[in-house]
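Visitor: What follows is a structure written as structure tokens; I'll ask about it next.
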Amino acid sequence: MRFLPDDEQREFARTLDRMLTAADTPSAIRAWATGDHAPGRALWTRLADAGVLALAVPEAYDGGLGPLPVELTLAFVELGRHAVPGPLVETVAAAALLEALGDPGDPGLAKEWLPRIASGQAMVTLGSGPYILDADASDAVLVVDGDRLLLAGDPGPVRTGLDPARRLFRPTGSTVLASGPAVLAAADRAADRAALATAAQALGVGLALLTRTVEYVKQRRQFGAAIASFQAVKHRLADTLLALEFARPLLHAAALTSTAPDVAAAKAACCDAAHAAARTALQLHGAIGYTAEYDLSLWITKARALRSAWGTPAQCRARVLGEPRTG
């Protein structure tokens with residue numbers, strides 16, 4: 001079992017990092033939070049052109065390159081590092097659900113939607129609770145209700161959570177697309193894919209917060225010295241780095257095995273590490289870290305939101321112990 005990316009996978013991640021660095025994602029995030037999807041959609045198209053979405057779609061479907069969970073995980077670390085807005089996790093989860101329900105040789109939901117997801121033409125959101133992420137921006141809103149798969153209609157009223165760029169809607173009106181035990185199994189598979197992608201996103205968010213905080217403490221001065229020279233600051237940053245680096249191999253293992261306990265362990269570790277990184281960043285930046293106009297806040301709020309998305313820490317730890325999925 002290989003726990004480290006190979007040279008080709010590393011170069012893929014570096015390419016995404018360079019592309020997203022040049023894309024001014026903070027502007028796209030702020031626009032998305034107000035309901036302006038144009039910058040985020042343009043970024044979505046660039047990610048699709050780079051093959052990110054095709055990694056979640058089987059090769060049997062037009063445009064598909066996967067499923068390649070290792071490469072997808074590396075991509076989502078970069079998406080988290082740059083806090084890219086939009087239902088990226090939900091779209092790859094929808095791809096997993098449709099793959100499980102579909103047959104490449106037969107017309108149906110999978111054959112209709114998976115090629116469009118791979119090419120970036122379709123943004124699809126998926127959920128099972130009362131609120132669905134980014135329903136207003138999505139081309140299809142899929143809802144799992146017990147053993148039924150529904151296509152929702154009107155996105156309904158908006159609700160903003162911890163992260164203003166994660167816009168939650170209560171969809172109204174729906175059409176039954178499929179029902180039965182197959183939907184339950186497919187939904188479980190999709191939830192594991194979503195948890196893995198969320199874990200990767202969270203790790204990227206935590207790494208970005210650490211990098212930004214290290215840069216800041218080198219510049220901020222107190223008592224005539226950079227605060228980076230203070231022992232307490234060094235210890236706090238070292239603890240943050242250790243938590244992130246201990247979470248990273250759990251994420252890689254989950255991508256390799258795709259088993260529910262490994263995915264749950266990765267989700268808990270990565271999200272806890274990102275949440276700790278957010279607390280460290282906020283403490284060491286001081287009051288400026290609370291300021292919405294300061295870009296750091298975009299990553300802090302995302303770290304908090306991702307911690308409970310697709311499985312709370314308690315739910316993930318229960319899954320590690322073999323307990324059935326709840327919530």
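Residues are named by chain letter and number: chains run A, B, ... in the order of the structure tokens, numbers start at 1 in each chain, and ligands are numbered from 1 in the order shown.
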Going by DSSP on the backbone, which residues of stretch 66-256 of chain A come out as strand (DSSP E)? List them as a PDB file with N, CA and C atoms, in the first residue's frame.
Guide:
ATOM      1  N   VAL A 124     -24.242  19.799  -9.573  1.00  0.00           N
ATOM      2  CA  VAL A 124     -25.292  19.024  -8.923  1.00  0.00           C
ATOM      3  C   VAL A 124     -25.068  19.061  -7.413  1.00  0.00           C
ATOM      4  N   THR A 125     -26.109  19.314  -6.663  1.00  0.00           N
ATOM      5  CA  THR A 125     -25.999  19.261  -5.215  1.00  0.00           C
ATOM      6  C   THR A 125     -26.824  18.095  -4.691  1.00  0.00           C
ATOM      7  N   LEU A 126     -26.413  17.575  -3.551  1.00  0.00           N
ATOM      8  CA  LEU A 126     -27.024  16.382  -2.974  1.00  0.00           C
ATOM      9  C   LEU A 126     -27.109  16.539  -1.471  1.00  0.00           C
ATOM     10  N   GLY A 127     -28.204  16.100  -0.894  1.00  0.00           N
ATOM     11  CA  GLY A 127     -28.340  16.150   0.551  1.00  0.00           C
ATOM     12  C   GLY A 127     -29.427  15.212   1.031  1.00  0.00           C
ATOM     13  N   ILE A 132     -30.309  22.028   1.857  1.00  0.00           N
ATOM     14  CA  ILE A 132     -29.448  21.567   0.784  1.00  0.00           C
ATOM     15  C   ILE A 132     -28.504  22.701   0.393  1.00  0.00           C
ATOM     16  N   LEU A 133     -27.235  22.379   0.217  1.00  0.00           N
ATOM     17  CA  LEU A 133     -26.223  23.383  -0.082  1.00  0.00           C
ATOM     18  C   LEU A 133     -26.331  23.871  -1.521  1.00  0.00           C
ATOM     19  N   ALA A 140     -29.099  20.586 -10.861  1.00  0.00           N
ATOM     20  CA  ALA A 140     -29.978  19.547 -10.330  1.00  0.00           C
ATOM     21  C   ALA A 140     -29.804  19.489  -8.825  1.00  0.00           C
ATOM     22  N   VAL A 141     -30.920  19.366  -8.123  1.00  0.00           N
ATOM     23  CA  VAL A 141     -30.913  19.267  -6.666  1.00  0.00           C
ATOM     24  C   VAL A 141     -31.470  17.894  -6.298  1.00  0.00           C
ATOM     25  N   LEU A 142     -30.584  17.003  -5.853  1.00  0.00           N
ATOM     26  CA  LEU A 142     -30.972  15.641  -5.506  1.00  0.00           C
ATOM     27  C   LEU A 142     -31.119  15.522  -3.994  1.00  0.00           C
ATOM     28  N   VAL A 143     -32.183  14.887  -3.572  1.00  0.00           N
ATOM     29  CA  VAL A 143     -32.461  14.723  -2.146  1.00  0.00           C
ATOM     30  C   VAL A 143     -32.723  13.247  -1.870  1.00  0.00           C
ATOM     31  N   VAL A 144     -32.025  12.692  -0.881  1.00  0.00           N
ATOM     32  CA  VAL A 144     -32.271  11.326  -0.439  1.00  0.00           C
ATOM     33  C   VAL A 144     -33.225  11.384   0.752  1.00  0.00           C
ATOM     34  N   ASP A 145     -34.377  10.769   0.588  1.00  0.00           N
ATOM     35  CA  ASP A 145     -35.402  10.734   1.635  1.00  0.00           C
ATOM     36  C   ASP A 145     -35.718   9.271   1.913  1.00  0.00           C
ATOM     37  N   ARG A 148     -35.840   6.746  -1.012  1.00  0.00           N
ATOM     38  CA  ARG A 148     -36.251   7.411  -2.240  1.00  0.00           C
ATOM     39  C   ARG A 148     -35.222   8.465  -2.645  1.00  0.00           C
ATOM     40  N   LEU A 149     -34.983   8.563  -3.942  1.00  0.00           N
ATOM     41  CA  LEU A 149     -34.156   9.629  -4.488  1.00  0.00           C
ATOM     42  C   LEU A 149     -35.084  10.609  -5.186  1.00  0.00           C
ATOM     43  N   LEU A 150     -35.029  11.872  -4.750  1.00  0.00           N
ATOM     44  CA  LEU A 150     -35.926  12.896  -5.263  1.00  0.00           C
ATOM     45  C   LEU A 150     -35.158  13.951  -6.043  1.00  0.00           C
ATOM     46  N   LEU A 151     -35.795  14.500  -7.045  1.00  0.00           N
ATOM     47  CA  LEU A 151     -35.292  15.674  -7.749  1.00  0.00           C
ATOM     48  C   LEU A 151     -36.129  16.854  -7.276  1.00  0.00           C
ATOM     49  N   ALA A 152     -35.491  17.764  -6.546  1.00  0.00           N
ATOM     50  CA  ALA A 152     -36.217  18.892  -5.959  1.00  0.00           C
ATOM     51  C   ALA A 152     -36.412  19.991  -6.987  1.00  0.00           C
ATOM     52  N   GLY A 153     -37.418  20.809  -6.732  1.00  0.00           N
ATOM     53  CA  GLY A 153     -37.733  21.903  -7.639  1.00  0.00           C
ATOM     54  C   GLY A 153     -37.242  23.228  -7.126  1.00  0.00           C
ATOM     55  N   ASP A 154     -38.153  24.101  -6.749  1.00  0.00           N
ATOM     56  CA  ASP A 154     -37.831  25.440  -6.262  1.00  0.00           C
ATOM     57  C   ASP A 154     -36.868  25.354  -5.089  1.00  0.00           C
ATOM     58  N   VAL A 158     -33.414  30.913   1.576  1.00  0.00           N
ATOM     59  CA  VAL A 158     -31.994  30.732   1.842  1.00  0.00           C
ATOM     60  C   VAL A 158     -31.714  30.890   3.335  1.00  0.00           C
ATOM     61  N   ARG A 159     -30.715  30.146   3.779  1.00  0.00           N
ATOM     62  CA  ARG A 159     -30.263  30.268   5.170  1.00  0.00           C
ATOM     63  C   ARG A 159     -28.738  30.228   5.147  1.00  0.00           C
ATOM     64  N   THR A 160     -28.114  31.203   5.780  1.00  0.00           N
ATOM     65  CA  THR A 160     -26.653  31.261   5.832  1.00  0.00           C
ATOM     66  C   THR A 160     -26.174  30.646   7.133  1.00  0.00           C
ATOM     67  N   ARG A 167     -24.312  28.478   1.185  1.00  0.00           N
ATOM     68  CA  ARG A 167     -25.705  28.936   1.221  1.00  0.00           C
ATOM     69  C   ARG A 167     -26.631  27.726   1.263  1.00  0.00           C
ATOM     70  N   LEU A 168     -27.459  27.661   2.293  1.00  0.00           N
ATOM     71  CA  LEU A 168     -28.332  26.517   2.535  1.00  0.00           C
ATOM     72  C   LEU A 168     -29.771  26.861   2.162  1.00  0.00           C
ATOM     73  N   PHE A 169     -30.449  25.922   1.506  1.00  0.00           N
ATOM     74  CA  PHE A 169     -31.812  26.129   1.047  1.00  0.00           C
ATOM     75  C   PHE A 169     -32.696  24.970   1.494  1.00  0.00           C
ATOM     76  N   THR A 172     -38.360  23.012  -2.194  1.00  0.00           N
ATOM     77  CA  THR A 172     -39.793  22.717  -2.196  1.00  0.00           C
ATOM     78  C   THR A 172     -40.162  22.031  -3.506  1.00  0.00           C
ATOM     79  N   GLY A 173     -41.087  21.099  -3.426  1.00  0.00           N
ATOM     80  CA  GLY A 173     -41.512  20.367  -4.620  1.00  0.00           C
ATOM     81  C   GLY A 173     -40.472  19.332  -5.015  1.00  0.00           C
ATOM     82  N   SER A 174     -40.916  18.160  -5.423  1.00  0.00           N
ATOM     83  CA  SER A 174     -39.956  17.115  -5.770  1.00  0.00           C
ATOM     84  C   SER A 174     -40.605  16.064  -6.656  1.00  0.00           C
ATOM     85  N   THR A 175     -39.736  15.386  -7.411  1.00  0.00           N
ATOM     86  CA  THR A 175     -40.140  14.277  -8.270  1.00  0.00           C
ATOM     87  C   THR A 175     -39.352  13.051  -7.865  1.00  0.00           C
ATOM     88  N   VAL A 176     -40.009  11.916  -7.696  1.00  0.00           N
ATOM     89  CA  VAL A 176     -39.312  10.681  -7.330  1.00  0.00           C
ATOM     90  C   VAL A 176     -38.580  10.137  -8.550  1.00  0.00           C
ATOM     91  N   LEU A 177     -37.252   9.984  -8.405  1.00  0.00           N
ATOM     92  CA  LEU A 177     -36.440   9.452  -9.499  1.00  0.00           C
ATOM     93  C   LEU A 177     -36.173   7.960  -9.352  1.00  0.00           C
ATOM     94  N   ALA A 178     -36.051   7.496  -8.130  1.00  0.00           N
ATOM     95  CA  ALA A 178     -35.774   6.079  -7.871  1.00  0.00           C
ATOM     96  C   ALA A 178     -36.163   5.775  -6.436  1.00  0.00           C
ATOM     97  N   SER A 179     -36.398   4.495  -6.156  1.00  0.00           N
ATOM     98  CA  SER A 179     -36.748   4.094  -4.798  1.00  0.00           C
ATOM     99  C   SER A 179     -36.349   2.645  -4.585  1.00  0.00           C
ATOM    100  N   ARG A 221       4.977  42.579  15.334  1.00  0.00           N
ATOM    101  CA  ARG A 221       6.007  42.813  16.348  1.00  0.00           C
ATOM    102  C   ARG A 221       5.380  43.277  17.660  1.00  0.00           C
ATOM    103  N   GLN A 222       5.944  42.784  18.752  1.00  0.00           N
ATOM    104  CA  GLN A 222       5.595  43.230  20.097  1.00  0.00           C
ATOM    105  C   GLN A 222       6.868  43.266  20.926  1.00  0.00           C
ATOM    106  N   ALA A 225      10.156  42.872  19.037  1.00  0.00           N
ATOM    107  CA  ALA A 225      10.553  41.629  18.352  1.00  0.00           C
ATOM    108  C   ALA A 225       9.353  41.033  17.636  1.00  0.00           C
ATOM    109  N   ALA A 226       9.634  40.280  16.584  1.00  0.00           N
ATOM    110  CA  ALA A 226       8.564  39.558  15.885  1.00  0.00           C
ATOM    111  C   ALA A 226       7.985  38.513  16.827  1.00  0.00           C
TER     112      ALA A 226
END
Visitor: Could you give me, as an mmCIF file with N, CA, C and O atoms, in the first residue's frame, the residues within 8 Å of stretch 272-281 of chain A, counting only C-alpha atoms and dropping anything in the same chain fewer than 6 positions from it?
Guide:
data_model
loop_
_atom_site.group_PDB
_atom_site.id
_atom_site.type_symbol
_atom_site.label_atom_id
_atom_site.label_comp_id
_atom_site.auth_asym_id
_atom_site.auth_seq_id
_atom_site.Cartn_x
_atom_site.Cartn_y
_atom_site.Cartn_z
ATOM 1 N N ALA A 202 -10.947 19.989 4.280
ATOM 2 C CA ALA A 202 -10.606 20.504 5.604
ATOM 3 C C ALA A 202 -9.095 20.529 5.811
ATOM 4 O O ALA A 202 -8.560 21.489 6.380
ATOM 5 N N LEU A 203 -8.405 19.480 5.363
ATOM 6 C CA LEU A 203 -6.946 19.472 5.494
ATOM 7 C C LEU A 203 -6.345 20.647 4.734
ATOM 8 O O LEU A 203 -5.448 21.331 5.243
ATOM 9 N N VAL A 205 -7.798 23.502 4.026
ATOM 10 C CA VAL A 205 -8.123 24.720 4.764
ATOM 11 C C VAL A 205 -7.161 24.899 5.936
ATOM 12 O O VAL A 205 -6.635 26.000 6.175
ATOM 13 N N GLY A 206 -6.914 23.826 6.679
ATOM 14 C CA GLY A 206 -6.008 23.907 7.812
ATOM 15 C C GLY A 206 -4.594 24.277 7.398
ATOM 16 O O GLY A 206 -3.928 25.091 8.065
ATOM 17 N N LEU A 207 -4.115 23.704 6.302
ATOM 18 C CA LEU A 207 -2.775 24.026 5.815
ATOM 19 C C LEU A 207 -2.681 25.496 5.409
ATOM 20 O O LEU A 207 -1.667 26.160 5.664
ATOM 21 N N LEU A 209 -4.513 27.975 6.598
ATOM 22 C CA LEU A 209 -4.550 28.780 7.819
ATOM 23 C C LEU A 209 -3.184 28.796 8.501
ATOM 24 O O LEU A 209 -2.723 29.848 8.976
ATOM 25 N N LEU A 210 -2.520 27.655 8.543
ATOM 26 C CA LEU A 210 -1.198 27.590 9.157
ATOM 27 C C LEU A 210 -0.203 28.445 8.383
ATOM 28 O O LEU A 210 0.570 29.215 8.977
ATOM 29 N N ARG A 212 -0.739 31.021 6.401
ATOM 30 C CA ARG A 212 -1.036 32.439 6.568
ATOM 31 C C ARG A 212 -0.645 32.933 7.961
ATOM 32 O O ARG A 212 -0.167 34.061 8.126
ATOM 33 N N THR A 213 -0.820 32.093 8.956
ATOM 34 C CA THR A 213 -0.488 32.502 10.320
ATOM 35 C C THR A 213 1.019 32.592 10.517
ATOM 36 O O THR A 213 1.521 33.528 11.162
ATOM 37 N N ARG A 236 2.557 26.790 19.854
ATOM 38 C CA ARG A 236 1.193 26.732 19.313
ATOM 39 C C ARG A 236 1.216 26.349 17.832
ATOM 40 O O ARG A 236 0.425 25.517 17.376
ATOM 41 N N LEU A 237 2.125 26.920 17.080
ATOM 42 C CA LEU A 237 2.232 26.603 15.655
ATOM 43 C C LEU A 237 2.719 25.174 15.435
ATOM 44 O O LEU A 237 2.255 24.484 14.522
ATOM 45 N N THR A 240 -0.136 22.821 15.925
ATOM 46 C CA THR A 240 -1.031 22.880 14.769
ATOM 47 C C THR A 240 -0.473 22.074 13.608
ATOM 48 O O THR A 240 -1.192 21.310 12.939
ATOM 49 N N ALA A 243 -0.766 18.270 14.257
ATOM 50 C CA ALA A 243 -2.127 17.761 14.074
ATOM 51 C C ALA A 243 -2.446 17.583 12.590
ATOM 52 O O ALA A 243 -3.035 16.571 12.182
ATOM 53 N N LEU A 244 -2.058 18.537 11.773
ATOM 54 C CA LEU A 244 -2.315 18.444 10.335
ATOM 55 C C LEU A 244 -1.514 17.312 9.697
ATOM 56 O O LEU A 244 -2.031 16.561 8.856
ATOM 57 N N ALA A 247 -2.919 13.962 10.529
ATOM 58 C CA ALA A 247 -4.173 13.699 9.816
ATOM 59 C C ALA A 247 -3.921 13.302 8.369
ATOM 60 O O ALA A 247 -4.697 12.529 7.784
ATOM 61 N N GLY A 289 -8.418 38.963 13.065
ATOM 62 C CA GLY A 289 -8.923 37.690 12.574
ATOM 63 C C GLY A 289 -10.438 37.613 12.536
ATOM 64 O O GLY A 289 -11.003 36.806 11.797
ATOM 65 N N TRP A 299 -11.370 31.477 5.505
ATOM 66 C CA TRP A 299 -10.870 30.133 5.816
ATOM 67 C C TRP A 299 -11.305 29.701 7.221
ATOM 68 O O TRP A 299 -11.608 28.532 7.437
ATOM 69 N N ILE A 300 -11.345 30.639 8.149
ATOM 70 C CA ILE A 300 -11.759 30.300 9.516
ATOM 71 C C ILE A 300 -13.200 29.798 9.524
ATOM 72 O O ILE A 300 -13.519 28.770 10.144
ATOM 73 N N ALA A 303 -13.480 26.296 7.961
ATOM 74 C CA ALA A 303 -13.005 25.223 8.835
ATOM 75 C C ALA A 303 -14.089 24.829 9.831
ATOM 76 O O ALA A 303 -14.297 23.641 10.108
ATOM 77 N N ARG A 304 -14.783 25.811 10.360
ATOM 78 C CA ARG A 304 -15.846 25.528 11.342
ATOM 79 C C ARG A 304 -17.015 24.808 10.681
ATOM 80 O O ARG A 304 -17.601 23.887 11.253
ATOM 81 N N ARG A 307 -16.400 21.033 9.682
ATOM 82 C CA ARG A 307 -16.262 20.094 10.803
ATOM 83 C C ARG A 307 -17.528 19.273 11.014
ATOM 84 O O ARG A 307 -17.467 18.095 11.398
ATOM 85 N N PRO A 313 -17.859 15.157 14.307
ATOM 86 C CA PRO A 313 -16.777 14.359 14.899
ATOM 87 C C PRO A 313 -17.290 13.152 15.691
ATOM 88 O O PRO A 313 -16.719 12.061 15.601
#
Visitor: Can you work out which one of A:Ala191, A:Leu306, A:Leu47, A:Leu97 has the shortest atom-to-atom distance to A:Gly161, counting only C-alpha atoms?
Guide: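 Ranked by minimum distance to A:Gly161, first place goes to A:Leu306.
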Visitor: Looking at A:Glu8, A:Asp295, A:Asp188, A:Asp134, which one is nearest to A:Thr25, with distances taken over only C-alpha atoms?
Guide: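 For A:Thr25, the nearest of the given residues is A:Asp295.
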Visitor: Could you find all residues in stretch 83-325 of chain A that DSSP calls alpha helix (DSSP H) from the backbone, and write them as an mmCIF file with C-alpha atoms, in the first residue's frame?
Guide:
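As a result, result_11.cif now contains:
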data_model
loop_
_atom_site.group_PDB
_atom_site.id
_atom_site.type_symbol
_atom_site.label_atom_id
_atom_site.label_comp_id
_atom_site.auth_asym_id
_atom_site.auth_seq_id
_atom_site.Cartn_x
_atom_site.Cartn_y
_atom_site.Cartn_z
ATOM 1 C CA LEU A 88 -17.947 20.531 -5.163
ATOM 2 C CA VAL A 89 -18.235 17.865 -2.473
ATOM 3 C CA GLU A 90 -21.922 17.399 -3.195
ATOM 4 C CA THR A 91 -21.316 17.038 -6.934
ATOM 5 C CA VAL A 92 -18.745 14.262 -6.522
ATOM 6 C CA ALA A 93 -21.067 12.608 -3.981
ATOM 7 C CA ALA A 94 -23.898 12.797 -6.513
ATOM 8 C CA ALA A 95 -21.589 11.198 -9.068
ATOM 9 C CA ALA A 96 -20.968 8.300 -6.672
ATOM 10 C CA LEU A 97 -24.692 7.883 -6.063
ATOM 11 C CA LEU A 98 -25.580 7.965 -9.755
ATOM 12 C CA GLU A 99 -22.753 5.543 -10.566
ATOM 13 C CA ALA A 100 -24.095 3.090 -7.981
ATOM 14 C CA LEU A 101 -27.612 3.332 -9.390
ATOM 15 C CA LEU A 109 -30.015 9.103 -14.647
ATOM 16 C CA ALA A 110 -26.364 8.070 -14.682
ATOM 17 C CA LYS A 111 -26.005 8.246 -18.447
ATOM 18 C CA GLU A 112 -27.793 11.589 -18.492
ATOM 19 C CA TRP A 113 -25.895 13.324 -15.703
ATOM 20 C CA LEU A 114 -22.437 11.757 -15.280
ATOM 21 C CA PRO A 115 -21.003 12.981 -18.624
ATOM 22 C CA ARG A 116 -22.309 16.460 -17.831
ATOM 23 C CA ILE A 117 -20.685 16.357 -14.397
ATOM 24 C CA ALA A 118 -17.360 15.218 -15.882
ATOM 25 C CA SER A 119 -17.332 18.051 -18.410
ATOM 26 C CA PRO A 181 -32.923 -0.751 -1.254
ATOM 27 C CA ALA A 182 -30.609 0.246 -4.115
ATOM 28 C CA VAL A 183 -31.104 3.899 -3.211
ATOM 29 C CA LEU A 184 -30.121 3.231 0.409
ATOM 30 C CA ALA A 185 -26.912 1.465 -0.652
ATOM 31 C CA ALA A 186 -26.073 4.150 -3.201
ATOM 32 C CA ALA A 187 -26.709 6.923 -0.683
ATOM 33 C CA ASP A 188 -24.376 5.288 1.821
ATOM 34 C CA ARG A 189 -21.662 5.084 -0.815
ATOM 35 C CA ALA A 190 -22.220 8.718 -1.761
ATOM 36 C CA ALA A 191 -21.996 9.805 1.891
ATOM 37 C CA ASP A 192 -18.613 8.077 2.248
ATOM 38 C CA ARG A 193 -17.365 9.812 -0.919
ATOM 39 C CA ALA A 194 -18.607 13.135 0.443
ATOM 40 C CA ALA A 195 -16.946 12.560 3.821
ATOM 41 C CA LEU A 196 -13.635 11.758 2.115
ATOM 42 C CA ALA A 197 -13.780 14.874 -0.058
ATOM 43 C CA THR A 198 -14.772 16.999 2.946
ATOM 44 C CA ALA A 199 -11.842 15.623 4.936
ATOM 45 C CA ALA A 200 -9.478 16.557 2.107
ATOM 46 C CA GLN A 201 -10.999 20.026 1.863
ATOM 47 C CA ALA A 202 -10.606 20.504 5.604
ATOM 48 C CA LEU A 203 -6.946 19.472 5.494
ATOM 49 C CA GLY A 204 -6.348 22.032 2.746
ATOM 50 C CA VAL A 205 -8.123 24.720 4.764
ATOM 51 C CA GLY A 206 -6.008 23.907 7.812
ATOM 52 C CA LEU A 207 -2.775 24.026 5.815
ATOM 53 C CA ALA A 208 -3.734 27.413 4.365
ATOM 54 C CA LEU A 209 -4.550 28.780 7.819
ATOM 55 C CA LEU A 210 -1.198 27.590 9.157
ATOM 56 C CA THR A 211 0.727 29.092 6.234
ATOM 57 C CA ARG A 212 -1.036 32.439 6.568
ATOM 58 C CA THR A 213 -0.488 32.502 10.320
ATOM 59 C CA VAL A 214 3.219 31.709 10.046
ATOM 60 C CA GLU A 215 3.623 34.551 7.549
ATOM 61 C CA TYR A 216 1.717 36.918 9.831
ATOM 62 C CA VAL A 217 3.640 36.191 13.049
ATOM 63 C CA LYS A 218 6.915 36.830 11.234
ATOM 64 C CA GLN A 219 5.702 40.375 10.516
ATOM 65 C CA GLN A 231 8.299 30.387 22.631
ATOM 66 C CA ALA A 232 4.544 30.172 23.259
ATOM 67 C CA VAL A 233 3.814 31.121 19.654
ATOM 68 C CA LYS A 234 6.299 28.536 18.365
ATOM 69 C CA HIS A 235 4.688 25.813 20.492
ATOM 70 C CA ARG A 236 1.193 26.732 19.313
ATOM 71 C CA LEU A 237 2.232 26.603 15.655
ATOM 72 C CA ALA A 238 4.132 23.349 16.169
ATOM 73 C CA ASP A 239 1.061 21.720 17.726
ATOM 74 C CA THR A 240 -1.031 22.880 14.769
ATOM 75 C CA LEU A 241 1.467 21.497 12.268
ATOM 76 C CA LEU A 242 1.659 18.146 14.063
ATOM 77 C CA ALA A 243 -2.127 17.761 14.074
ATOM 78 C CA LEU A 244 -2.315 18.444 10.335
ATOM 79 C CA GLU A 245 0.579 16.140 9.499
ATOM 80 C CA PHE A 246 -0.836 13.309 11.618
ATOM 81 C CA ALA A 247 -4.173 13.699 9.816
ATOM 82 C CA ARG A 248 -2.596 13.569 6.349
ATOM 83 C CA PRO A 249 -1.686 9.827 6.325
ATOM 84 C CA LEU A 250 -5.170 8.957 7.591
ATOM 85 C CA LEU A 251 -6.581 10.829 4.610
ATOM 86 C CA HIS A 252 -4.277 9.026 2.173
ATOM 87 C CA ALA A 253 -5.154 5.661 3.712
ATOM 88 C CA ALA A 254 -8.871 6.398 3.384
ATOM 89 C CA ALA A 255 -8.393 7.346 -0.273
ATOM 90 C CA LEU A 256 -6.600 4.059 -0.904
ATOM 91 C CA THR A 257 -9.042 1.774 0.894
ATOM 92 C CA ALA A 260 -16.188 3.457 5.874
ATOM 93 C CA PRO A 261 -14.078 3.260 9.091
ATOM 94 C CA ASP A 262 -10.989 4.669 7.350
ATOM 95 C CA VAL A 263 -13.003 7.471 5.762
ATOM 96 C CA ALA A 264 -14.610 8.314 9.107
ATOM 97 C CA ALA A 265 -11.216 8.363 10.848
ATOM 98 C CA ALA A 266 -9.828 10.688 8.199
ATOM 99 C CA LYS A 267 -12.851 12.982 8.410
ATOM 100 C CA ALA A 268 -12.594 13.292 12.186
ATOM 101 C CA ALA A 269 -8.821 13.840 12.201
ATOM 102 C CA CYS A 270 -8.695 16.318 9.302
ATOM 103 C CA CYS A 271 -11.629 18.386 10.505
ATOM 104 C CA ASP A 272 -10.375 18.495 14.097
ATOM 105 C CA ALA A 273 -6.932 19.564 12.857
ATOM 106 C CA ALA A 274 -8.429 22.269 10.628
ATOM 107 C CA HIS A 275 -10.620 23.519 13.466
ATOM 108 C CA ALA A 276 -7.565 23.717 15.741
ATOM 109 C CA ALA A 277 -5.680 25.571 12.993
ATOM 110 C CA ALA A 278 -8.543 28.069 12.792
ATOM 111 C CA ARG A 279 -8.397 28.679 16.539
ATOM 112 C CA THR A 280 -4.625 29.131 16.387
ATOM 113 C CA ALA A 281 -4.918 31.525 13.450
ATOM 114 C CA LEU A 282 -7.577 33.564 15.216
ATOM 115 C CA GLN A 283 -5.635 33.772 18.463
ATOM 116 C CA LEU A 284 -2.319 34.743 16.868
ATOM 117 C CA HIS A 285 -3.856 37.273 14.498
ATOM 118 C CA LEU A 296 -8.381 34.995 6.835
ATOM 119 C CA SER A 297 -12.031 34.957 7.949
ATOM 120 C CA LEU A 298 -12.999 33.089 4.758
ATOM 121 C CA TRP A 299 -10.870 30.133 5.816
ATOM 122 C CA ILE A 300 -11.759 30.300 9.516
ATOM 123 C CA THR A 301 -15.496 30.088 8.846
ATOM 124 C CA LYS A 302 -15.015 27.285 6.333
ATOM 125 C CA ALA A 303 -13.005 25.223 8.835
ATOM 126 C CA ARG A 304 -15.846 25.528 11.342
ATOM 127 C CA ALA A 305 -18.522 24.619 8.784
ATOM 128 C CA LEU A 306 -16.690 21.609 7.350
ATOM 129 C CA ARG A 307 -16.262 20.094 10.803
ATOM 130 C CA SER A 308 -19.940 19.142 10.941
ATOM 131 C CA PRO A 313 -16.777 14.359 14.899
ATOM 132 C CA ALA A 314 -18.909 12.219 17.223
ATOM 133 C CA GLN A 315 -20.670 10.513 14.316
ATOM 134 C CA CYS A 316 -17.351 9.837 12.585
ATOM 135 C CA ARG A 317 -15.821 8.295 15.692
ATOM 136 C CA ALA A 318 -18.875 6.087 16.055
ATOM 137 C CA ARG A 319 -18.364 4.923 12.458
ATOM 138 C CA VAL A 320 -14.750 4.070 13.240
#
Visitor: How far is it from atom CA of A:Leu16 to atom CA of A:Val77, in Å with one decimal?
Guide: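 Straight-line distance from atom CA of A:Leu16 to atom CA of A:Val77 works out to 9.9 Å.
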Visitor: Of the candidates A:Ile29, A:Val57, A:Val52, A:Leu72, which shows the shortest atom-to-atom distance to A:Asp163, using only C-alpha atoms?
Guide: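 That would be A:Ile29, the residue with the smallest distance to A:Asp163.
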